[in-house]
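Trainee: For reference, this is upload.tsv, and it has TSV, C-alpha atoms.
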chain	number	residue	atom	x	y	z
A	1093	MET	CA	24.89	-254.87	87.62
A	1094	LYS	CA	26.27	-255.76	84.19
A	1095	ILE	CA	29.57	-254.10	83.33
A	1096	LYS	CA	30.59	-253.37	79.77
A	1097	ASN	CA	33.78	-251.83	78.45
A	1098	GLU	CA	33.40	-249.49	75.47
A	1099	GLU	CA	36.22	-249.64	72.94
A	1100	LYS	CA	35.64	-247.29	70.05
A	1101	GLY	CA	37.81	-245.49	67.52
A	1102	THR	CA	39.77	-246.14	64.38
A	1103	GLY	CA	41.83	-248.98	65.79
A	1104	LYS	CA	45.10	-247.10	65.68
A	1105	LYS	CA	47.76	-248.19	68.11
A	1106	LYS	CA	47.72	-246.21	71.32
A	1107	HIS	CA	50.65	-243.88	71.85
A	1108	LYS	CA	52.66	-244.69	74.96
A	1109	ARG	CA	53.90	-241.72	76.98
A	1110	LYS	CA	55.99	-242.86	79.90
A	1111	LYS	CA	56.22	-240.08	82.43
A	1112	TRP	CA	56.46	-240.02	86.23
A	1113	HIS	CA	53.37	-238.48	87.73
A	1114	PRO	CA	52.45	-237.45	91.29
A	1115	PHE	CA	50.89	-239.81	93.78
A	1116	VAL	CA	47.36	-238.69	93.08
A	1117	LYS	CA	46.87	-240.59	89.83
A	1118	GLY	CA	45.12	-243.47	91.58
A	1119	PHE	CA	41.87	-241.66	92.21
A	1120	LEU	CA	39.79	-242.86	89.29
A	1121	GLY	CA	39.00	-246.23	90.82
A	1122	CYS	CA	38.05	-244.52	94.05
A	1123	MET	CA	35.63	-242.15	92.37
A	1124	LEU	CA	33.90	-244.86	90.39
A	1125	VAL	CA	33.22	-246.85	93.52
A	1126	LEU	CA	31.90	-243.82	95.38
A	1127	ILE	CA	28.98	-243.36	93.03
A	1128	LEU	CA	28.26	-247.09	93.00
A	1129	LEU	CA	27.97	-246.99	96.77
A	1130	LEU	CA	24.91	-244.81	96.29
A	1131	GLY	CA	23.24	-247.92	94.89
A	1132	VAL	CA	23.50	-249.81	98.17
A	1133	GLY	CA	23.03	-246.68	100.27
A	1134	VAL	CA	19.27	-247.10	99.92
A	1135	PHE	CA	19.46	-249.39	102.94
A	1136	LEU	CA	20.66	-246.51	105.10
A	1137	ALA	CA	19.05	-243.28	106.20
A	1138	GLY	CA	19.58	-240.70	103.47
A	1139	GLY	CA	19.77	-237.83	105.91
A	1140	MET	CA	22.53	-239.47	107.90
A	1141	LEU	CA	24.55	-240.11	104.76
A	1142	TYR	CA	24.08	-236.62	103.39
A	1143	GLY	CA	25.05	-235.12	106.72
A	1144	LYS	CA	28.51	-236.67	106.33
A	1145	LEU	CA	29.11	-234.84	103.05
A	1146	ASP	CA	30.54	-231.34	102.73
A	1147	TYR	CA	27.96	-229.33	100.75
A	1148	GLN	CA	29.40	-226.42	98.75
A	1149	GLU	CA	26.91	-224.48	96.65
A	1150	VAL	CA	27.97	-223.21	93.22
A	1151	ASP	CA	25.95	-220.03	92.80
A	1152	SER	CA	26.09	-220.01	89.00
A	1153	LEU	CA	24.64	-223.54	88.87
A	1154	SER	CA	22.14	-223.47	91.72
A	1155	ASP	CA	19.21	-222.92	89.35
A	1156	GLU	CA	20.48	-225.31	86.67
A	1157	PRO	CA	18.69	-228.68	86.35
A	1158	PHE	CA	20.24	-231.91	87.58
A	1159	LYS	CA	18.47	-234.09	85.01
A	1160	GLU	CA	18.30	-233.27	81.29
A	1161	GLU	CA	17.06	-235.43	78.41
A	1162	GLY	CA	16.62	-238.35	80.80
A	1163	VAL	CA	20.23	-238.21	82.02
A	1164	LYS	CA	21.71	-237.18	85.36
A	1165	ASN	CA	25.36	-236.13	85.03
A	1166	ILE	CA	27.74	-235.98	88.01
A	1167	LEU	CA	31.38	-235.04	87.52
A	1168	LEU	CA	33.58	-236.96	89.95
A	1169	ILE	CA	36.86	-235.19	90.64
A	1170	GLY	CA	39.85	-236.59	92.51
A	1171	ASN	CA	42.41	-234.30	94.05
A	1172	ASP	CA	45.46	-234.72	96.23
A	1173	SER	CA	44.23	-232.71	99.20
A	1174	ARG	CA	43.97	-234.48	102.55
A	1175	THR	CA	41.52	-231.86	103.80
A	1176	ASP	CA	37.92	-231.13	102.85
A	1177	ASP	CA	38.67	-228.02	100.80
A	1178	GLU	CA	39.08	-227.60	97.06
A	1179	SER	CA	42.83	-227.03	96.99
A	1180	GLY	CA	45.26	-229.36	95.27
A	1181	ARG	CA	45.29	-230.78	91.77
A	1182	SER	CA	42.60	-232.59	89.80
A	1183	ASP	CA	44.32	-235.51	88.16
A	1184	ALA	CA	41.32	-237.78	87.82
A	1185	MET	CA	38.02	-236.75	86.29
A	1186	ILE	CA	35.13	-239.01	85.41
A	1187	LEU	CA	31.63	-238.18	84.27
A	1188	VAL	CA	28.93	-240.43	85.73
A	1189	SER	CA	25.85	-240.38	83.49
A	1190	ILE	CA	22.76	-242.11	84.87
A	1191	SER	CA	20.16	-242.62	82.15
A	1192	SER	CA	16.61	-243.70	82.99
A	1193	LYS	CA	15.90	-243.62	79.25
A	1194	THR	CA	18.45	-246.30	78.32
A	1195	ASN	CA	18.71	-247.96	81.76
A	1196	SER	CA	22.45	-247.51	81.81
A	1197	ILE	CA	25.21	-245.86	83.81
A	1198	HIS	CA	28.09	-244.51	81.75
A	1199	LEU	CA	31.40	-243.94	83.48
A	1200	THR	CA	33.45	-241.73	81.14
A	1201	SER	CA	36.94	-240.76	82.20
A	1202	PHE	CA	38.54	-237.62	80.79
A	1203	LEU	CA	42.31	-237.70	80.48
A	1204	ARG	CA	44.05	-234.81	82.21
A	1205	ASP	CA	46.53	-234.12	79.40
A	1206	MET	CA	43.99	-233.25	76.69
A	1207	TYR	CA	44.63	-229.77	75.25
A	1208	VAL	CA	41.37	-227.82	75.60
A	1209	ASP	CA	39.98	-224.30	75.48
A	1210	ILE	CA	39.47	-223.00	79.02
A	1211	PRO	CA	36.93	-220.15	79.33
A	1212	GLY	CA	38.68	-216.94	80.33
A	1213	HIS	CA	42.15	-218.46	79.93
A	1214	ASP	CA	44.53	-219.61	77.24
A	1215	GLY	CA	44.32	-223.18	75.98
A	1216	ASN	CA	45.88	-225.68	78.36
A	1217	ARG	CA	45.68	-229.21	79.73
A	1218	LEU	CA	42.23	-230.14	80.99
A	1219	ASN	CA	43.25	-230.36	84.63
A	1220	ALA	CA	44.50	-226.77	84.52
A	1221	ALA	CA	40.83	-225.70	84.50
A	1222	TYR	CA	40.44	-227.02	88.03
A	1223	ALA	CA	43.60	-225.25	89.15
A	1224	TYR	CA	42.31	-221.96	87.70
A	1225	GLY	CA	38.72	-222.11	88.92
A	1226	GLY	CA	37.89	-225.28	90.83
A	1227	PRO	CA	34.96	-227.58	89.97
A	1228	GLU	CA	32.91	-224.74	88.48
A	1229	LEU	CA	35.44	-223.89	85.77
A	1230	LEU	CA	36.22	-227.54	85.14
A	1231	MET	CA	32.55	-228.29	84.46
A	1232	GLU	CA	32.28	-225.23	82.23
A	1233	THR	CA	35.37	-226.35	80.31
A	1234	LEU	CA	33.91	-229.80	79.66
A	1235	GLU	CA	30.69	-228.25	78.42
A	1236	GLU	CA	32.47	-225.87	76.06
A	1237	ASN	CA	34.75	-228.51	74.55
A	1238	PHE	CA	32.45	-231.54	74.50
A	1239	ASP	CA	28.92	-230.07	74.31
A	1240	ILE	CA	27.66	-231.87	77.39
A	1241	GLN	CA	25.76	-230.24	80.24
A	1242	VAL	CA	27.39	-230.83	83.63
A	1243	ASN	CA	25.97	-229.01	86.66
A	1244	ARG	CA	26.78	-231.32	89.59
A	1245	TYR	CA	30.07	-232.62	90.97
A	1246	MET	CA	31.55	-234.72	93.75
A	1247	LEU	CA	35.10	-233.91	94.88
A	1248	VAL	CA	37.04	-236.70	96.57
A	1249	ASN	CA	40.40	-236.60	98.36
A	1250	PHE	CA	42.72	-239.56	98.12
A	1251	GLN	CA	42.21	-240.82	101.67
A	1252	ALA	CA	38.69	-241.95	100.74
A	1253	PHE	CA	40.08	-244.64	98.47
A	1254	ALA	CA	42.25	-246.37	101.05
A	1255	ASN	CA	39.44	-246.06	103.61
A	1256	LEU	CA	36.97	-247.66	101.23
A	1257	ILE	CA	39.10	-250.71	100.50
A	1258	ASP	CA	39.93	-251.21	104.18
A	1259	ALA	CA	36.25	-250.85	105.15
A	1260	VAL	CA	35.25	-253.72	102.83
A	1261	GLY	CA	37.99	-255.88	104.32
A	1262	GLY	CA	40.48	-255.55	101.47
A	1263	ILE	CA	40.23	-257.14	98.03
A	1264	ASP	CA	41.74	-260.13	96.24
A	1265	LEU	CA	43.32	-259.48	92.82
A	1266	ASP	CA	45.48	-261.32	90.32
A	1267	VAL	CA	48.72	-259.34	90.38
A	1268	THR	CA	51.89	-259.93	88.39
A	1269	ASN	CA	55.29	-259.91	90.08
A	1270	GLU	CA	56.17	-256.77	88.15
A	1271	GLU	CA	53.08	-255.08	89.56
A	1272	VAL	CA	54.11	-256.17	93.06
A	1273	GLN	CA	57.39	-254.31	92.66
A	1274	TYR	CA	55.56	-251.12	91.69
A	1275	ILE	CA	53.08	-251.48	94.56
A	1276	ASN	CA	56.02	-251.43	96.98
A	1277	GLY	CA	57.58	-248.51	95.11
A	1278	TYR	CA	54.46	-246.38	95.35
A	1279	LEU	CA	54.01	-247.32	99.02
A	1280	VAL	CA	57.28	-245.54	99.74
A	1281	GLU	CA	55.66	-242.23	98.79
A	1282	TYR	CA	52.35	-243.05	100.47
A	1283	ASN	CA	54.05	-243.91	103.75
A	1284	GLN	CA	55.98	-240.65	103.65
A	1285	LEU	CA	52.83	-238.63	102.98
A	1286	GLU	CA	50.94	-240.34	105.78
A	1287	GLY	CA	53.81	-240.34	108.29
A	1288	ARG	CA	53.87	-244.13	108.46
A	1289	PRO	CA	57.05	-246.11	109.22
A	1290	GLU	CA	59.17	-247.04	106.21
A	1291	GLY	CA	58.26	-250.48	104.90
A	1292	THR	CA	54.66	-250.42	106.15
A	1293	ASP	CA	52.42	-252.71	104.04
A	1294	TYR	CA	55.23	-253.78	101.69
A	1295	LEU	CA	54.49	-257.02	99.84
A	1296	ASP	CA	56.86	-259.96	99.62
A	1297	THR	CA	58.80	-259.23	96.41
A	1298	SER	CA	58.58	-262.88	95.33
A	1299	LEU	CA	54.77	-262.84	95.23
A	1300	SER	CA	52.54	-263.07	92.15
A	1301	GLY	CA	49.09	-264.43	91.38
A	1302	ASN	CA	46.02	-263.95	93.58
A	1303	ILE	CA	47.00	-261.53	96.37
A	1304	HIS	CA	44.99	-259.88	99.14
A	1305	LEU	CA	45.44	-256.09	99.08
A	1306	ASN	CA	44.51	-253.61	101.79
A	1307	GLY	CA	43.61	-249.96	101.13
A	1308	PRO	CA	47.09	-248.44	100.73
A	1309	GLN	CA	48.24	-251.42	98.64
A	1310	ALA	CA	45.21	-251.18	96.34
A	1311	LEU	CA	45.79	-247.45	95.94
A	1312	ALA	CA	49.43	-248.11	95.03
A	1313	TYR	CA	48.27	-250.72	92.51
A	1314	CYS	CA	45.95	-248.19	90.86
A	1315	ARG	CA	48.64	-245.52	90.63
A	1316	ASN	CA	50.91	-247.53	88.35
A	1317	ARG	CA	51.50	-245.85	84.99
A	1318	TYR	CA	54.78	-247.59	84.20
A	1319	ILE	CA	53.18	-250.81	82.98
A	1320	GLY	CA	51.25	-249.63	79.95
A	1321	THR	CA	49.72	-246.19	79.35
A	1322	ASP	CA	47.20	-244.18	81.34
A	1323	PHE	CA	44.54	-246.31	79.67
A	1324	ALA	CA	46.14	-249.44	81.17
A	1325	ARG	CA	46.10	-247.75	84.57
A	1326	THR	CA	42.36	-247.24	84.15
A	1327	GLU	CA	41.94	-250.96	83.48
A	1328	ARG	CA	43.72	-251.75	86.74
A	1329	GLN	CA	41.41	-249.36	88.54
A	1330	ARG	CA	38.40	-251.13	87.09
A	1331	LYS	CA	39.63	-254.42	88.51
A	1332	VAL	CA	39.69	-252.78	91.92
A	1333	ILE	CA	36.21	-251.36	91.37
A	1334	ALA	CA	34.71	-254.74	90.52
A	1335	ALA	CA	36.24	-256.35	93.59
A	1336	ALA	CA	35.19	-253.53	95.95
A	1337	VAL	CA	31.63	-253.26	94.64
A	1338	LYS	CA	31.15	-257.00	95.05
A	1339	LYS	CA	32.01	-256.70	98.75
A	1340	ALA	CA	30.29	-253.36	99.45
A	1341	PRO	CA	26.76	-254.62	100.32
A	1342	LEU	CA	28.06	-257.02	102.97
A	1343	ALA	CA	30.42	-254.35	104.28
A	1344	LEU	CA	27.52	-251.92	104.70
A	1345	ALA	CA	25.67	-254.51	106.76
A	1346	THR	CA	28.63	-255.52	108.92
A	1347	ASN	CA	30.91	-252.49	108.89
A	1348	GLY	CA	28.64	-249.63	107.81
A	1349	SER	CA	29.94	-247.06	110.28
A	1350	GLU	CA	33.55	-247.34	109.12
A	1351	LEU	CA	32.51	-247.37	105.47
A	1352	ILE	CA	30.36	-244.26	105.81
A	1353	ASP	CA	32.70	-242.29	108.06
A	1354	GLY	CA	35.81	-243.13	106.05
A	1355	VAL	CA	34.37	-242.40	102.61
A	1356	MET	CA	31.50	-239.93	102.87
A	1357	SER	CA	33.41	-237.51	105.09
A	1358	ASN	CA	36.01	-237.15	102.33
A	1359	ILE	CA	33.52	-235.92	99.71
A	1360	THR	CA	32.60	-232.33	98.80
A	1361	THR	CA	29.60	-231.80	96.49
A	1362	ASN	CA	27.02	-229.32	95.22
A	1363	LEU	CA	24.33	-232.01	95.13
A	1364	THR	CA	21.42	-230.84	97.27
A	1365	SER	CA	19.84	-232.99	99.95
A	1366	SER	CA	16.79	-233.63	97.78
A	1367	GLU	CA	18.93	-234.60	94.78
A	1368	PHE	CA	20.96	-236.97	96.93
A	1369	SER	CA	17.80	-238.51	98.34
A	1370	GLY	CA	16.49	-238.91	94.80
A	1371	LEU	CA	19.57	-240.94	93.92
A	1372	LEU	CA	18.94	-243.19	96.91
A	1373	LEU	CA	15.35	-243.72	95.86
A	1374	GLN	CA	16.54	-244.58	92.35
A	1375	ALA	CA	19.19	-246.96	93.69
A	1376	PRO	CA	17.22	-250.23	93.40
A	1377	ALA	CA	16.61	-249.54	89.71
A	1378	MET	CA	20.19	-248.40	89.20
A	1379	MET	CA	21.49	-251.75	90.46
A	1380	THR	CA	19.86	-253.37	87.40
A	1381	TYR	CA	21.31	-250.87	84.91
A	1382	GLU	CA	24.06	-251.80	82.48
A	1383	MET	CA	27.34	-250.13	83.37
A	1384	VAL	CA	29.36	-248.90	80.39
A	1385	GLN	CA	32.94	-247.78	80.91
A	1386	GLY	CA	34.85	-245.60	78.48
A	1387	SER	CA	37.59	-243.02	78.18
A	1388	ILE	CA	37.92	-239.74	76.32
A	1389	PRO	CA	39.70	-239.24	74.03
A	1390	LEU	CA	38.61	-242.36	72.19
A	1391	GLU	CA	41.25	-244.60	70.73
A	1392	GLY	CA	42.30	-243.27	67.34
A	1393	THR	CA	40.96	-239.74	67.98
A	1394	TYR	CA	44.05	-238.12	69.47
A	1395	SER	CA	47.75	-237.61	68.88
A	1396	ASN	CA	50.70	-236.60	71.03
A	1397	ALA	CA	51.84	-233.02	70.61
A	1398	THR	CA	53.96	-230.33	72.23
A	1399	ILE	CA	52.24	-226.95	72.62
A	1400	ARG	CA	53.94	-224.05	74.39
A	1401	GLY	CA	56.44	-226.50	75.80
A	1402	MET	CA	53.72	-228.80	77.20
A	1403	ALA	CA	53.37	-232.47	76.28
A	1404	VAL	CA	49.65	-232.76	75.52
A	1405	LEU	CA	47.04	-234.78	73.65
A	1406	GLU	CA	45.52	-233.08	70.59
A	1407	VAL	CA	41.97	-234.31	70.27
A	1408	ASP	CA	39.44	-234.76	67.48
A	1409	PHE	CA	36.63	-233.10	69.43
A	1410	GLU	CA	33.91	-233.78	66.87
A	1411	ALA	CA	34.46	-237.54	67.05
A	1412	ASN	CA	34.33	-237.47	70.83
A	1413	LYS	CA	31.23	-235.27	70.90
A	1414	GLU	CA	29.50	-237.77	68.62
A	1415	TYR	CA	30.43	-240.59	70.99
A	1416	ILE	CA	28.94	-238.72	73.96
A	1417	GLN	CA	25.68	-237.94	72.20
A	1418	THR	CA	25.32	-241.46	70.82
A	1419	GLU	CA	26.40	-243.52	73.81
A	1420	ILE	CA	25.19	-241.38	76.71
A	1421	TYR	CA	22.08	-239.76	75.25
A	1422	GLY	CA	21.16	-242.49	72.79
A	1423	LYS	CA	20.85	-240.10	69.85
As structure tokens, how would this structure be written, given the file I've shared?
Mentor:
Amino acid sequence: MKIKNEEKGTGKKKHKRKKWHPFVKGFLGCMLVLILLLGVGVFLAGGMLYGKLDYQEVDSLSDEPFKEEGVKNILLIGNDSRTDDESGRSDAMILVSISSKTNSIHLTSFLRDMYVDIPGHDGNRLNAAYAYGGPELLMETLEENFDIQVNRYMLVNFQAFANLIDAVGGIDLDVTNEEVQYINGYLVEYNQLEGRPEGTDYLDTSLSGNIHLNGPQALAYCRNRYIGTDFARTERQRKVIAAAVKKAPLALATNGSELIDGVMSNITTNLTSSEFSGLLLQAPAMMTYEMVQGSIPLEGTYSNATIRGMAVLEVDFEANKEYIQTEIYGK
């Protein structure tokens, strides 16, 4: 599968906003890999896979189509819950758009701090929509602000990420010494959350270069927002994605049970069994599709602002709507 990074905008320098965020910011890489795993899942029984998921119907969307204008949209949502419910915060949101018309898969991340109109509520950060009304309101908010139809979602808790990396046997990445220090720093919080002994999985602080990372270490690597902006964090997540996807087919053949149990059981979705099976049937073709990665807001289409005491991103919505229609729908 060919991977392409989309860089669009006016070329203005990105604004850097250094701010400590909760542990959950490392979900984006996890969610990207989850949908890619559908591509190799064709080798497994669809019913067995679907049975591991937690199906939660959204009544208002049950009659809405999955595919429109040749595109299947799935909103992947990461939250900080360690259970299979929809509590917690949504601090990672990515729209997966599978187009049989353009033979491409677009992975479009939506930054949590964008100031948007939320139906039935005052304007707020994008991730407030999830806090107010779960996946249903979050999808409705994206539709209202960006004119894109989203009727299906997959909700992932953070444990799925560490499980995924461990199930493929860990990954090898080029890591700077500064990044090593932050990996250890974020592991402090992870170990506390998981009840693991202090110092578990810490890296040698003198290390740099090509390093083997296990699940918790890779998650800590993806969390880092101190080196660069949230956009830089996304780039780190993509490095993890590429490494994990490369190892996923072999892992399914040699360690399929751990991979399925550790990842699929941590997903909640309103995809029906037939829709899920359809994705599996489409998987061989999907593996040949071009993968295009991008983020919204586009570079040069936002500015930092303070609204009602909140540090937010003010967005040029028209420019971002045009990007979606052009890049995802090929208009």
Trainee: Do you know which residues are at most 12 Å from Gly1212 in chain A counting all atoms listed in the file, after dropping those on the same chain fewer than 5 positions away, and could you put them as number ranges by chain?
Mentor: A: 1221, 1224-1225, 1229-1230, 1232-1233, 1236
Trainee: Can you work out the spacing between CA of Phe1238 in chain A and CA of Glu1410 in chain A in Å, to one decimal?
Mentor: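 Pair CA of Phe1238 in chain A / CA of Glu1410 in chain A returns 8.1 Å.
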Trainee: Excluding range 1275-1281 of chain A and any residue of its chain fewer than 6 positions from it, enumerate the residues within 6 Å of it, using all atoms listed in the file, and give them as a PDB file with C-alpha atoms, in the coordinates of the input.
Mentor:
ATOM      1  CA  TYR A1294      55.230-253.780 101.690  1.00  0.00           C
ATOM      2  CA  ALA A1312      49.430-248.110  95.030  1.00  0.00           C
ATOM      3  CA  TYR A1313      48.270-250.720  92.510  1.00  0.00           C
TER       4      TYR A1313
END
Trainee: Taking all atoms listed in the file into account, name the residue in A:Gly1354, A:Pro1341, A:Pro1389, A:Pro1227 that is nearest to Val1150 in chain A.
Mentor: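 Counting all atoms listed in the file, the residue closest to Val1150 in chain A is A:Pro1227.
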Trainee: Please list as a ChimeraX atom specification every residue within 8 Å of Leu1203 in chain A, counting all atoms listed in the file and excluding residues in the same chain fewer than 2 positions away.
Mentor: /A:1184-1185,1201,1205-1206,1218,1387-1389
Trainee: I'd like the interatomic distance between CA of Asp1293 in chain A and CA of Asp1266 in chain A, to a tenth of an Å.
Mentor: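 CA of Asp1266 in chain A lies at a distance of 17.6 Å from CA of Asp1293 in chain A.
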Trainee: Tell me which of A:Leu1363, A:Met1140, A:Leu1373, A:Met1356 sits closest to Asn1255 in chain A, counting only C-alpha atoms.
Mentor: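 Comparing A:Leu1363, A:Met1140, A:Leu1373, A:Met1356 against Asn1255 in chain A, the winner is A:Met1356.
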Trainee: Could you check which of A:Val1384, A:Gly1143, A:Pro1211, A:Ala1335 is closest to Ile1352 in chain A, using only C-alpha atoms?
Mentor: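 Answer, going by the shortest atom-to-atom distance: A:Gly1143.
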Trainee: Taking only residues of range 1207-1280 of chain A that have an atom at most 9 Å from an atom of range 1162-1170 of chain A, what is each one's shortest atom pair and its distance in Å to one decimal, using all atoms listed in the file, in chain and number order, as a tab-separated table?
Mentor:
residue	atom	partner	partner_atom	distance
A:Pro1227	CA	A:Ile1169	CA	7.9
A:Met1231	CA	A:Leu1167	CA	7.5
A:Gln1241	CA	A:Asn1165	CA	7.6
A:Val1242	CA	A:Asn1165	CA	5.8
A:Asn1243	CA	A:Ile1166	CA	7.3
A:Arg1244	CA	A:Ile1166	CA	5.0
A:Tyr1245	CA	A:Leu1167	CA	4.4
A:Met1246	CA	A:Leu1168	CA	4.9
A:Leu1247	CA	A:Ile1169	CA	4.8
A:Val1248	CA	A:Gly1170	CA	4.9
A:Asn1249	CA	A:Gly1170	CA	5.9
A:Phe1250	CA	A:Gly1170	CA	7.0
Trainee: Work out how far apart CA of Thr1346 in chain A and CA of Asp1258 in chain A are and give it in Å to one decimal.
Mentor: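 Between these atoms lies a distance of 13.0 Å.
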Trainee: Box for range 1360-1370 of chain A - axis-aligned, 8 Å on each of the six sides, all listed atoms - centre and size in Å to one decimal, as AutoDock Vina command-line options.
Mentor:
--center_x 24.5 --center_y -234.1 --center_z 97.4 --size_x 32.1 --size_y 25.6 --size_z 21.2
